$ cat run.cif   # mmCIF, C-alpha atoms and all ligand atoms
data_model
loop_
_atom_site.group_PDB
_atom_site.id
_atom_site.type_symbol
_atom_site.label_atom_id
_atom_site.label_comp_id
_atom_site.auth_asym_id
_atom_site.auth_seq_id
_atom_site.Cartn_x
_atom_site.Cartn_y
_atom_site.Cartn_z
ATOM 1 C CA MET G 1 -16.102 -17.212 23.059
ATOM 2 C CA SER G 2 -17.565 -17.019 19.586
ATOM 3 C CA LEU G 3 -15.009 -16.834 16.808
ATOM 4 C CA VAL G 4 -17.458 -14.908 14.636
ATOM 5 C CA ARG G 5 -17.311 -11.246 15.534
ATOM 6 C CA ASP G 6 -20.383 -9.089 15.274
ATOM 7 C CA PRO G 7 -19.393 -6.296 12.845
ATOM 8 C CA THR G 8 -21.877 -3.901 14.429
ATOM 9 C CA MET G 9 -19.625 -3.862 17.512
ATOM 10 C CA LEU G 10 -17.835 -1.107 15.582
ATOM 11 C CA ALA G 11 -20.913 1.143 15.394
ATOM 12 C CA GLN G 12 -20.520 4.598 16.941
ATOM 13 C CA ARG G 13 -16.754 4.547 16.316
ATOM 14 C CA PRO G 14 -15.353 7.634 14.614
ATOM 15 C CA PHE G 15 -13.817 7.384 11.156
ATOM 16 C CA VAL G 16 -11.729 9.729 9.039
ATOM 17 C CA LYS G 17 -11.722 9.512 5.254
ATOM 18 C CA MET G 18 -8.477 10.599 3.630
ATOM 19 C CA ASN G 19 -6.573 9.942 0.419
ATOM 20 C CA GLY G 20 -2.960 9.795 -0.656
ATOM 21 C CA LEU G 21 -2.737 10.706 -4.351
ATOM 22 C CA GLY G 22 -6.302 9.495 -4.820
ATOM 23 C CA ASN G 23 -5.550 6.160 -3.124
ATOM 24 C CA GLU G 24 -8.705 5.997 -0.973
ATOM 25 C CA ILE G 25 -7.868 5.536 2.705
ATOM 26 C CA LEU G 26 -10.222 5.027 5.658
ATOM 27 C CA VAL G 27 -8.698 5.672 9.093
ATOM 28 C CA LEU G 28 -10.233 3.877 12.095
ATOM 29 C CA ASP G 29 -8.604 4.947 15.326
ATOM 30 C CA LEU G 30 -9.449 2.186 17.820
ATOM 31 C CA ARG G 31 -6.695 2.987 20.318
ATOM 32 C CA THR G 32 -8.949 3.932 23.216
ATOM 33 C CA ASP G 33 -11.242 0.906 22.922
ATOM 34 C CA PRO G 34 -9.665 -1.747 20.667
ATOM 35 C CA GLU G 35 -12.021 -3.936 18.663
ATOM 36 C CA GLU G 36 -11.317 -6.383 15.866
ATOM 37 C CA VAL G 37 -12.406 -5.326 12.371
ATOM 38 C CA PRO G 38 -13.742 -8.469 10.685
ATOM 39 C CA ALA G 39 -13.150 -8.915 6.948
ATOM 40 C CA ALA G 40 -16.923 -8.723 6.390
ATOM 41 C CA ALA G 41 -17.065 -5.307 8.088
ATOM 42 C CA ALA G 42 -14.252 -4.014 5.864
ATOM 43 C CA ARG G 43 -16.068 -5.264 2.753
ATOM 44 C CA ALA G 44 -19.326 -3.701 3.935
ATOM 45 C CA LEU G 45 -17.708 -0.323 4.605
ATOM 46 C CA ALA G 46 -15.937 -0.331 1.215
ATOM 47 C CA ARG G 47 -19.198 -0.701 -0.735
ATOM 48 C CA PRO G 48 -20.054 2.064 -3.217
ATOM 49 C CA GLY G 49 -22.254 4.631 -1.490
ATOM 50 C CA VAL G 50 -20.962 3.708 1.981
ATOM 51 C CA LEU G 51 -17.292 4.615 2.472
ATOM 52 C CA PRO G 52 -15.527 3.282 -0.631
ATOM 53 C CA PHE G 53 -11.845 2.813 0.208
ATOM 54 C CA ASP G 54 -8.847 0.976 -1.171
ATOM 55 C CA GLN G 55 -7.298 0.402 2.279
ATOM 56 C CA ALA G 56 -8.509 0.807 5.857
ATOM 57 C CA MET G 57 -5.757 1.770 8.298
ATOM 58 C CA VAL G 58 -6.820 0.536 11.739
ATOM 59 C CA LEU G 59 -4.948 2.019 14.695
ATOM 60 C CA TYR G 60 -4.436 -0.065 17.850
ATOM 61 C CA PRO G 61 -2.562 0.763 21.067
ATOM 62 C CA PRO G 62 1.217 0.906 20.564
ATOM 63 C CA ARG G 63 3.273 -2.132 21.546
ATOM 64 C CA ALA G 64 6.699 -0.495 21.496
ATOM 65 C CA GLU G 65 8.000 2.568 23.263
ATOM 66 C CA GLY G 66 7.989 5.700 21.127
ATOM 67 C CA SER G 67 5.361 4.333 18.765
ATOM 68 C CA ALA G 68 2.053 6.170 18.266
ATOM 69 C CA ALA G 69 0.065 3.074 17.275
ATOM 70 C CA PHE G 70 0.181 -0.461 15.986
ATOM 71 C CA VAL G 71 -1.392 -0.443 12.519
ATOM 72 C CA ARG G 72 -3.429 -3.152 10.809
ATOM 73 C CA ILE G 73 -4.085 -2.639 7.113
ATOM 74 C CA LEU G 74 -7.137 -4.081 5.390
ATOM 75 C CA ASN G 75 -7.826 -4.103 1.651
ATOM 76 C CA SER G 76 -11.318 -3.392 0.333
ATOM 77 C CA ASP G 77 -11.881 -7.154 -0.186
ATOM 78 C CA GLY G 78 -11.254 -7.699 3.550
ATOM 79 C CA SER G 79 -7.794 -9.255 3.093
ATOM 80 C CA GLU G 80 -4.883 -8.048 5.162
ATOM 81 C CA ALA G 81 -1.954 -6.098 3.660
ATOM 82 C CA GLY G 82 1.474 -6.025 5.280
ATOM 83 C CA ALA G 83 2.189 -2.482 4.126
ATOM 84 C CA CYS G 84 0.525 0.544 2.576
ATOM 85 C CA GLY G 85 2.622 3.570 1.677
ATOM 86 C CA ASN G 86 -0.162 6.056 0.893
ATOM 87 C CA GLY G 87 -2.137 4.960 3.948
ATOM 88 C CA THR G 88 0.909 5.403 6.175
ATOM 89 C CA ARG G 89 1.320 8.991 4.990
ATOM 90 C CA CYS G 90 -2.368 9.564 5.763
ATOM 91 C CA ILE G 91 -2.180 8.255 9.340
ATOM 92 C CA ALA G 92 0.999 10.286 9.930
ATOM 93 C CA ALA G 93 -0.836 13.465 8.895
ATOM 94 C CA TYR G 94 -3.852 12.420 10.978
ATOM 95 C CA GLU G 95 -1.649 11.924 14.041
ATOM 96 C CA ALA G 96 0.285 15.146 13.392
ATOM 97 C CA GLY G 97 -3.053 16.994 13.251
ATOM 98 C CA ARG G 98 -4.090 15.494 16.573
ATOM 99 C CA THR G 99 -0.844 15.947 18.503
ATOM 100 C CA GLY G 100 1.191 18.595 16.692
ATOM 101 C CA GLU G 101 4.103 16.130 16.418
ATOM 102 C CA ARG G 102 6.219 16.398 13.270
ATOM 103 C CA HIS G 103 7.977 13.067 13.659
ATOM 104 C CA ILE G 104 5.748 10.033 14.175
ATOM 105 C CA LEU G 105 6.559 6.354 14.518
ATOM 106 C CA PHE G 106 4.084 3.532 13.853
ATOM 107 C CA GLU G 107 4.476 -0.225 14.065
ATOM 108 C CA SER G 108 3.014 -2.624 11.518
ATOM 109 C CA GLY G 109 3.152 -6.347 10.873
ATOM 110 C CA ALA G 110 6.026 -5.607 8.483
ATOM 111 C CA GLY G 111 8.052 -3.548 10.996
ATOM 112 C CA PRO G 112 8.432 0.074 12.140
ATOM 113 C CA LEU G 113 7.241 2.962 9.983
ATOM 114 C CA ASP G 114 9.077 6.202 10.664
ATOM 115 C CA CYS G 115 7.226 9.279 9.351
ATOM 116 C CA VAL G 116 8.283 12.918 9.051
ATOM 117 C CA MET G 117 5.993 15.841 8.238
ATOM 118 C CA GLN G 118 7.664 18.143 5.685
ATOM 119 C CA PRO G 119 7.279 21.939 5.889
ATOM 120 C CA ASP G 120 5.305 21.909 2.615
ATOM 121 C CA GLY G 121 2.684 19.508 4.058
ATOM 122 C CA ARG G 122 3.982 16.411 2.293
ATOM 123 C CA VAL G 123 4.904 13.393 4.385
ATOM 124 C CA THR G 124 8.034 11.250 4.166
ATOM 125 C CA VAL G 125 7.846 7.619 5.290
ATOM 126 C CA ASP G 126 10.832 5.358 5.804
ATOM 127 C CA MET G 127 9.512 2.059 4.415
ATOM 128 C CA GLY G 128 12.598 0.115 5.543
ATOM 129 C CA ALA G 129 14.832 -2.070 3.379
ATOM 130 C CA PRO G 130 13.300 -4.012 0.467
ATOM 131 C CA HIS G 131 13.355 -7.812 0.438
ATOM 132 C CA LEU G 132 14.588 -9.355 -2.790
ATOM 133 C CA GLY G 133 14.930 -13.089 -2.108
ATOM 134 C CA TRP G 134 12.292 -15.335 -3.716
ATOM 135 C CA GLU G 135 11.211 -16.816 -0.346
ATOM 136 C CA GLU G 136 10.788 -13.330 1.145
ATOM 137 C CA ILE G 137 8.611 -11.913 -1.646
ATOM 138 C CA PRO G 138 7.221 -14.695 -1.572
ATOM 139 C CA LEU G 139 7.321 -16.715 -4.794
ATOM 140 C CA ALA G 140 6.072 -20.280 -5.035
ATOM 141 C CA ARG G 141 9.384 -21.653 -6.331
ATOM 142 C CA PRO G 142 13.065 -20.728 -6.350
ATOM 143 C CA VAL G 143 13.931 -17.878 -8.712
ATOM 144 C CA ALA G 144 17.641 -17.116 -8.726
ATOM 145 C CA ASP G 145 17.396 -13.636 -10.248
ATOM 146 C CA THR G 146 14.303 -11.844 -8.946
ATOM 147 C CA SER G 147 15.212 -8.715 -10.937
ATOM 148 C CA ALA G 148 14.265 -10.330 -14.271
ATOM 149 C CA TYR G 149 12.137 -13.442 -14.628
ATOM 150 C CA GLN G 150 10.020 -14.369 -17.600
ATOM 151 C CA ILE G 151 6.630 -15.638 -16.412
ATOM 152 C CA GLU G 152 5.416 -18.368 -18.737
ATOM 153 C CA GLY G 153 2.522 -17.291 -20.918
ATOM 154 C CA PHE G 154 3.290 -13.562 -20.550
ATOM 155 C CA ALA G 155 6.133 -13.224 -23.060
ATOM 156 C CA ALA G 156 4.608 -10.074 -24.563
ATOM 157 C CA LEU G 157 5.162 -8.240 -21.266
ATOM 158 C CA GLY G 158 8.832 -9.226 -21.015
ATOM 159 C CA PRO G 159 10.482 -10.319 -17.770
ATOM 160 C CA ALA G 160 9.061 -9.265 -14.389
ATOM 161 C CA SER G 161 10.970 -7.936 -11.365
ATOM 162 C CA PHE G 162 9.858 -9.029 -7.896
ATOM 163 C CA VAL G 163 10.249 -6.935 -4.739
ATOM 164 C CA SER G 164 8.726 -7.026 -1.266
ATOM 165 C CA VAL G 165 8.491 -3.803 0.721
ATOM 166 C CA GLY G 166 6.420 -5.536 3.395
ATOM 167 C CA ASN G 167 4.002 -6.723 0.697
ATOM 168 C CA PRO G 168 4.577 -8.577 -2.571
ATOM 169 C CA HIS G 169 5.031 -6.736 -5.868
ATOM 170 C CA ALA G 170 5.647 -7.804 -9.465
ATOM 171 C CA ILE G 171 6.773 -5.069 -11.845
ATOM 172 C CA PHE G 172 6.766 -5.165 -15.636
ATOM 173 C CA PHE G 173 8.749 -2.523 -17.516
ATOM 174 C CA VAL G 174 6.858 -1.739 -20.706
ATOM 175 C CA PRO G 175 7.458 0.733 -23.556
ATOM 176 C CA ASP G 176 4.041 2.415 -23.158
ATOM 177 C CA VAL G 177 1.771 1.968 -20.106
ATOM 178 C CA ALA G 178 -1.180 3.381 -22.061
ATOM 179 C CA GLU G 179 -1.066 0.264 -24.246
ATOM 180 C CA VAL G 180 -1.422 -2.139 -21.291
ATOM 181 C CA ASP G 181 -4.787 -3.612 -20.292
ATOM 182 C CA VAL G 182 -4.145 -3.121 -16.559
ATOM 183 C CA ASP G 183 -7.509 -4.507 -15.411
ATOM 184 C CA GLN G 184 -7.335 -7.737 -17.386
ATOM 185 C CA LEU G 185 -3.636 -8.494 -16.866
ATOM 186 C CA GLY G 186 -3.656 -7.275 -13.270
ATOM 187 C CA ALA G 187 -6.585 -9.464 -12.243
ATOM 188 C CA THR G 188 -4.992 -12.522 -13.896
ATOM 189 C CA LEU G 189 -1.454 -11.965 -12.604
ATOM 190 C CA GLU G 190 -2.545 -11.069 -9.033
ATOM 191 C CA ARG G 191 -3.691 -14.686 -8.666
ATOM 192 C CA HIS G 192 -0.957 -16.370 -10.726
ATOM 193 C CA PRO G 193 0.276 -19.601 -9.067
ATOM 194 C CA LEU G 194 3.774 -18.085 -8.845
ATOM 195 C CA PHE G 195 2.450 -15.861 -6.003
ATOM 196 C CA PRO G 196 1.307 -17.938 -3.001
ATOM 197 C CA GLU G 197 0.100 -14.777 -1.209
ATOM 198 C CA ARG G 198 -1.097 -13.124 -4.443
ATOM 199 C CA ALA G 199 0.733 -9.958 -5.557
ATOM 200 C CA ASN G 200 0.356 -6.295 -6.428
ATOM 201 C CA ILE G 201 0.985 -5.893 -10.172
ATOM 202 C CA SER G 202 2.700 -2.818 -11.638
ATOM 203 C CA PHE G 203 3.262 -1.653 -15.199
ATOM 204 C CA ALA G 204 6.081 0.871 -15.409
ATOM 205 C CA GLN G 205 7.335 3.066 -18.222
ATOM 206 C CA VAL G 206 10.758 4.606 -17.650
ATOM 207 C CA LEU G 207 10.638 8.161 -19.017
ATOM 208 C CA SER G 208 14.192 9.090 -17.984
ATOM 209 C CA PRO G 209 16.807 7.904 -15.443
ATOM 210 C CA ASP G 210 14.933 9.804 -12.726
ATOM 211 C CA HIS G 211 11.284 9.591 -13.805
ATOM 212 C CA ILE G 212 8.898 6.637 -14.050
ATOM 213 C CA LEU G 213 5.250 6.486 -15.145
ATOM 214 C CA LEU G 214 3.345 3.811 -13.210
ATOM 215 C CA HIS G 215 -0.046 2.094 -13.373
ATOM 216 C CA VAL G 216 -0.936 -0.358 -10.600
ATOM 217 C CA TRP G 217 -3.362 -3.212 -10.037
ATOM 218 C CA GLU G 218 -3.476 -3.764 -6.278
ATOM 219 C CA ARG G 219 -3.909 -7.097 -4.594
ATOM 220 C CA GLY G 220 -7.264 -7.070 -2.837
ATOM 221 C CA ALA G 221 -8.327 -3.667 -4.167
ATOM 222 C CA GLY G 222 -7.992 -3.723 -7.977
ATOM 223 C CA ARG G 223 -6.840 -0.784 -10.079
ATOM 224 C CA THR G 224 -6.149 2.263 -7.896
ATOM 225 C CA ARG G 225 -5.139 5.851 -8.653
ATOM 226 C CA ALA G 226 -1.897 5.358 -6.751
ATOM 227 C CA CYS G 227 -0.018 2.786 -4.689
ATOM 228 C CA GLY G 228 2.856 3.930 -2.505
ATOM 229 C CA THR G 229 4.457 0.565 -1.938
ATOM 230 C CA ALA G 230 4.262 -0.173 -5.684
ATOM 231 C CA ALA G 231 6.104 3.094 -6.354
ATOM 232 C CA CYS G 232 8.789 2.039 -3.835
ATOM 233 C CA ALA G 233 9.058 -1.487 -5.258
ATOM 234 C CA THR G 234 9.203 -0.162 -8.825
ATOM 235 C CA ALA G 235 11.938 2.349 -7.953
ATOM 236 C CA VAL G 236 13.984 -0.470 -6.398
ATOM 237 C CA ALA G 237 13.432 -2.732 -9.421
ATOM 238 C CA ALA G 238 14.332 0.071 -11.842
ATOM 239 C CA ALA G 239 17.548 0.951 -9.987
ATOM 240 C CA ARG G 240 18.481 -2.730 -9.598
ATOM 241 C CA THR G 241 18.224 -3.291 -13.326
ATOM 242 C CA GLY G 242 20.142 -0.118 -14.212
ATOM 243 C CA ARG G 243 17.126 1.621 -15.729
ATOM 244 C CA THR G 244 17.242 4.568 -13.293
ATOM 245 C CA GLY G 245 19.262 5.985 -10.434
ATOM 246 C CA ARG G 246 18.237 5.490 -6.805
ATOM 247 C CA VAL G 247 16.261 8.753 -6.555
ATOM 248 C CA VAL G 248 13.245 8.948 -8.836
ATOM 249 C CA ARG G 249 9.957 10.706 -9.357
ATOM 250 C CA VAL G 250 7.119 8.239 -9.866
ATOM 251 C CA THR G 251 4.067 9.604 -11.654
ATOM 252 C CA LEU G 252 0.853 7.678 -10.943
ATOM 253 C CA PRO G 253 -2.651 8.517 -12.247
ATOM 254 C CA GLY G 254 -3.253 10.336 -8.903
ATOM 255 C CA GLY G 255 -0.009 12.340 -8.928
ATOM 256 C CA ASP G 256 3.674 12.197 -8.041
ATOM 257 C CA LEU G 257 5.742 10.489 -5.366
ATOM 258 C CA LYS G 258 9.436 11.001 -4.730
ATOM 259 C CA ILE G 259 11.265 7.778 -3.949
ATOM 260 C CA ASP G 260 14.800 7.644 -2.589
ATOM 261 C CA TRP G 261 16.405 4.193 -2.195
ATOM 262 C CA ARG G 262 19.014 5.418 0.267
ATOM 263 C CA GLU G 263 22.452 3.966 -0.340
ATOM 264 C CA SER G 264 23.713 4.310 3.248
ATOM 265 C CA ASP G 265 21.248 1.890 4.856
ATOM 266 C CA ASP G 266 19.268 0.396 1.930
ATOM 267 C CA HIS G 267 16.034 1.988 3.230
ATOM 268 C CA VAL G 268 13.368 3.252 0.822
ATOM 269 C CA LEU G 269 12.050 6.747 1.605
ATOM 270 C CA MET G 270 8.759 7.804 0.073
ATOM 271 C CA THR G 271 7.563 11.424 0.014
ATOM 272 C CA GLY G 272 4.160 12.594 -1.151
ATOM 273 C CA PRO G 273 0.966 14.493 -0.365
ATOM 274 C CA VAL G 274 -2.107 13.550 1.644
ATOM 275 C CA ALA G 275 -5.627 14.965 1.733
ATOM 276 C CA LEU G 276 -8.208 14.987 4.497
ATOM 277 C CA GLU G 277 -11.724 14.555 3.078
ATOM 278 C CA PHE G 278 -14.311 14.201 5.871
ATOM 279 C CA SER G 279 -14.974 12.462 9.142
ATOM 280 C CA GLY G 280 -17.984 10.906 10.836
ATOM 281 C CA THR G 281 -19.296 8.064 12.937
ATOM 282 C CA LEU G 282 -19.869 4.461 11.836
ATOM 283 C CA THR G 283 -23.464 3.240 11.929
ATOM 284 C CA PRO G 284 -24.699 -0.398 12.095
ATOM 285 C CA ASP G 285 -26.052 -0.348 8.521
ATOM 286 C CA MET G 286 -22.638 0.722 7.181
ATOM 287 C CA LEU G 287 -21.106 -2.342 8.784
ATOM 288 C CA THR G 288 -23.287 -5.147 7.505
ATOM 289 C CA GLU G 289 -23.403 -6.413 3.958
ATOM 290 C CA ALA G 290 -26.869 -6.695 2.438
ATOM 291 C CA ALA G 291 -28.025 -10.332 2.385
HETATM 292 N N1 LIG M 1 -2.248 1.293 -1.575
HETATM 293 C C1 LIG M 1 -1.163 0.784 -0.793
HETATM 294 C C2 LIG M 1 -0.791 -0.614 -1.012
HETATM 295 C C3 LIG M 1 -1.722 -1.582 -0.448
HETATM 296 C C4 LIG M 1 -1.184 -2.935 -0.674
HETATM 297 C C5 LIG M 1 -2.214 -3.949 -0.792
HETATM 298 N N2 LIG M 1 -3.032 -3.852 -1.969
HETATM 299 C C6 LIG M 1 -1.631 -5.332 -0.600
HETATM 300 O O1 LIG M 1 -0.412 -5.531 -0.561
HETATM 301 O O2 LIG M 1 -2.432 -6.247 -0.474
HETATM 302 C C7 LIG M 1 0.054 1.650 -0.869
HETATM 303 O O3 LIG M 1 -0.085 2.840 -1.035
HETATM 304 O O4 LIG M 1 1.146 1.151 -0.702
#

$ encode --input "run.cif" --output "structure tokens" --more "lines below"
Ligand SMILES: N[C@H](CCC[C@H](N)C(=O)O)C(=O)O
Amino acid sequence: MSLVRDPTMLAQRPFVKMNGLGNEILVLDLRTDPEEVPAAAARALARPGVLPFDQAMVLYPPRAEGSAAFVRILNSDGSEAGACGNGTRCIAAYEAGRTGERHILFESGAGPLDCVMQPDGRVTVDMGAPHLGWEEIPLARPVADTSAYQIEGFAALGPASFVSVGNPHAIFFVPDVAEVDVDQLGATLERHPLFPERANISFAQVLSPDHILLHVWERGAGRTRACGTAACATAVAAARTGRTGRVVRVTLPGGDLKIDWRESDDHVLMTGPVALEFSGTLTPDMLTEAA
């Protein structure tokens, strides 16, 4: 069997374009006829003028009882992401629209994702417990205190906090996010040797003990209007360092998320809106990058 998949195998499959706070999400429901989505197909689909997305949420048949689907998450550069908060809210709303269920469980590489539709249309996702050990994030070398570590050469930003919520995040608390060159610093730090799997880079401004302003450079997707897992990771880092309580509002360029780092079981609950944009069918030319 050839190891190189033909991306046009995905032609004629239906797609749904959604967004969570302006985080562009493409939903590919491949449950009835599973097919691999090669990195090149993801990159081709994400091109401007085709179906520009930050993440593609690809649904495969469930592996566990009670689960609606196994989810693979692809960034616009074709790389795989372990978790995507905004995308998970989108697929929960998609599934709720299809089945009428209000409580939906998905499985991902990073574990189960328990979703609840709220009466106001927002979606709450239980993102599980954060991972705070340096090997779990992962970092390239032992860091005893992952809540505050000064990365060499970035003294002006102050110490970073590291958190994994199924994907790696570095968070810098800064006095004024508007002053930060997110594109330049994000692109450099995403590929810093401290992060063997690269990292999502966040710049956070604490406005009050229950409100954070956040700008994010995403691994594999660049600057986005919102990043759910970054909001979760930032809320954990802020509470860990005593900057906020465990329940916060996180304001991103695309809007607000409510994050609750629940004391009873350490799980992070994220609540926010989703929007359905349009749907259609994939065509061969959408799936192949111009030579
Ligand atoms: N937009 C997503 C995060 C994608 C994470 C991805 N950029 C990575 O970890 O590689 C979110 O709402 O959580």

$ residues_near_ligand --input "run.cif" --ligand "ligand LIG 1 (chain M)" --cutoff "10 Å" --atoms "only C-alpha atoms and all ligand atoms" --output "ChimeraX atom specification"
/G:19-25,53-56,73-90,127,164-169,190,197-201,216-233

$ resolve_selection --input "run.cif" --expression "the PyMOL selection byres (((chain G and resi 40) around 10) and not hetatm)" --output "MDAnalysis selection string"
chainID G and resid 5:7 37:39 41:46 76:79 287:289

$ closest_residue --input "run.cif" --among "G:Ala68, G:Leu276, G:Met286, G:Ile259" --to "Pro52 of chain G" --atoms "all atoms listed in the file"
G:Met286

$ resolve_selection --input "run.cif" --expression "the PyMOL selection byres (((chain G and resi 65) around 12) and not hetatm)" --output "PyMOL selection string"
chain G and resi 61-64+66-70+104-107+112

$ atom_distance --input "run.cif" --atom1 "atom CA of Arg98 of chain G" --atom2 "atom CA of Asp33 of chain G"
17.4 Å

$ resolve_selection --input "run.cif" --expression "the PyMOL selection byres (((chain G and resi 209-211) around 9) and not hetatm)" --output "PDB file with C-alpha atoms, in the coordinates of the input"
ATOM      1  CA  GLN G 205       7.335   3.066 -18.222  1.00  0.00           C
ATOM      2  CA  VAL G 206      10.758   4.606 -17.650  1.00  0.00           C
ATOM      3  CA  LEU G 207      10.638   8.161 -19.017  1.00  0.00           C
ATOM      4  CA  SER G 208      14.192   9.090 -17.984  1.00  0.00           C
ATOM      5  CA  ILE G 212       8.898   6.637 -14.050  1.00  0.00           C
ATOM      6  CA  LEU G 213       5.250   6.486 -15.145  1.00  0.00           C
ATOM      7  CA  ALA G 238      14.332   0.071 -11.842  1.00  0.00           C
ATOM      8  CA  ALA G 239      17.548   0.951  -9.987  1.00  0.00           C
ATOM      9  CA  GLY G 242      20.142  -0.118 -14.212  1.00  0.00           C
ATOM     10  CA  ARG G 243      17.126   1.621 -15.729  1.00  0.00           C
ATOM     11  CA  THR G 244      17.242   4.568 -13.293  1.00  0.00           C
ATOM     12  CA  GLY G 245      19.262   5.985 -10.434  1.00  0.00           C
ATOM     13  CA  ARG G 246      18.237   5.490  -6.805  1.00  0.00           C
ATOM     14  CA  VAL G 247      16.261   8.753  -6.555  1.00  0.00           C
ATOM     15  CA  VAL G 248      13.245   8.948  -8.836  1.00  0.00           C
ATOM     16  CA  ARG G 249       9.957  10.706  -9.357  1.00  0.00           C
ATOM     17  CA  VAL G 250       7.119   8.239  -9.866  1.00  0.00           C
ATOM     18  CA  THR G 251       4.067   9.604 -11.654  1.00  0.00           C
TER      19      THR G 251
END

$ closest_residue --input "run.cif" --among "G:Val180, G:Asp126, G:Leu139, G:Ser202" --to "Arg262 of chain G" --atoms "all atoms listed in the file"
G:Asp126

$ residues_around --input "run.cif" --residues "segment 268-273 of chain G" --least-positions-apart "4" --cutoff "6 Å" --atoms "all atoms listed in the file" --output "list in words"
Arg122, Val123, Thr124, Val125, Asp126, Met127, Gly128, Leu257, Lys258, Ile259, Asp260 and Trp261 of chain G

$ write_last_selection --input "run.cif" --atoms "C-alpha atoms" --output "compact mmCIF listing (two decimals), in the frame of the given file"
# COMPACT_ATOMS: atom_id res chain seq x y z
CA ARG G 122 3.98 16.41 2.29
CA VAL G 123 4.90 13.39 4.38
CA THR G 124 8.03 11.25 4.17
CA VAL G 125 7.85 7.62 5.29
CA ASP G 126 10.83 5.36 5.80
CA MET G 127 9.51 2.06 4.42
CA GLY G 128 12.60 0.12 5.54
CA LEU G 257 5.74 10.49 -5.37
CA LYS G 258 9.44 11.00 -4.73
CA ILE G 259 11.26 7.78 -3.95
CA ASP G 260 14.80 7.64 -2.59
CA TRP G 261 16.40 4.19 -2.19

$ closest_residue --input "run.cif" --among "G:Leu59, G:Val163, G:Leu194, G:Ile137" --to "Leu28 of chain G" --atoms "only C-alpha atoms"
G:Leu59

$ closest_residue --input "run.cif" --among "G:Glu95, G:Asp145, G:Asp183, G:Asp176" --to "Ser161 of chain G" --atoms "only C-alpha atoms"
G:Asp145
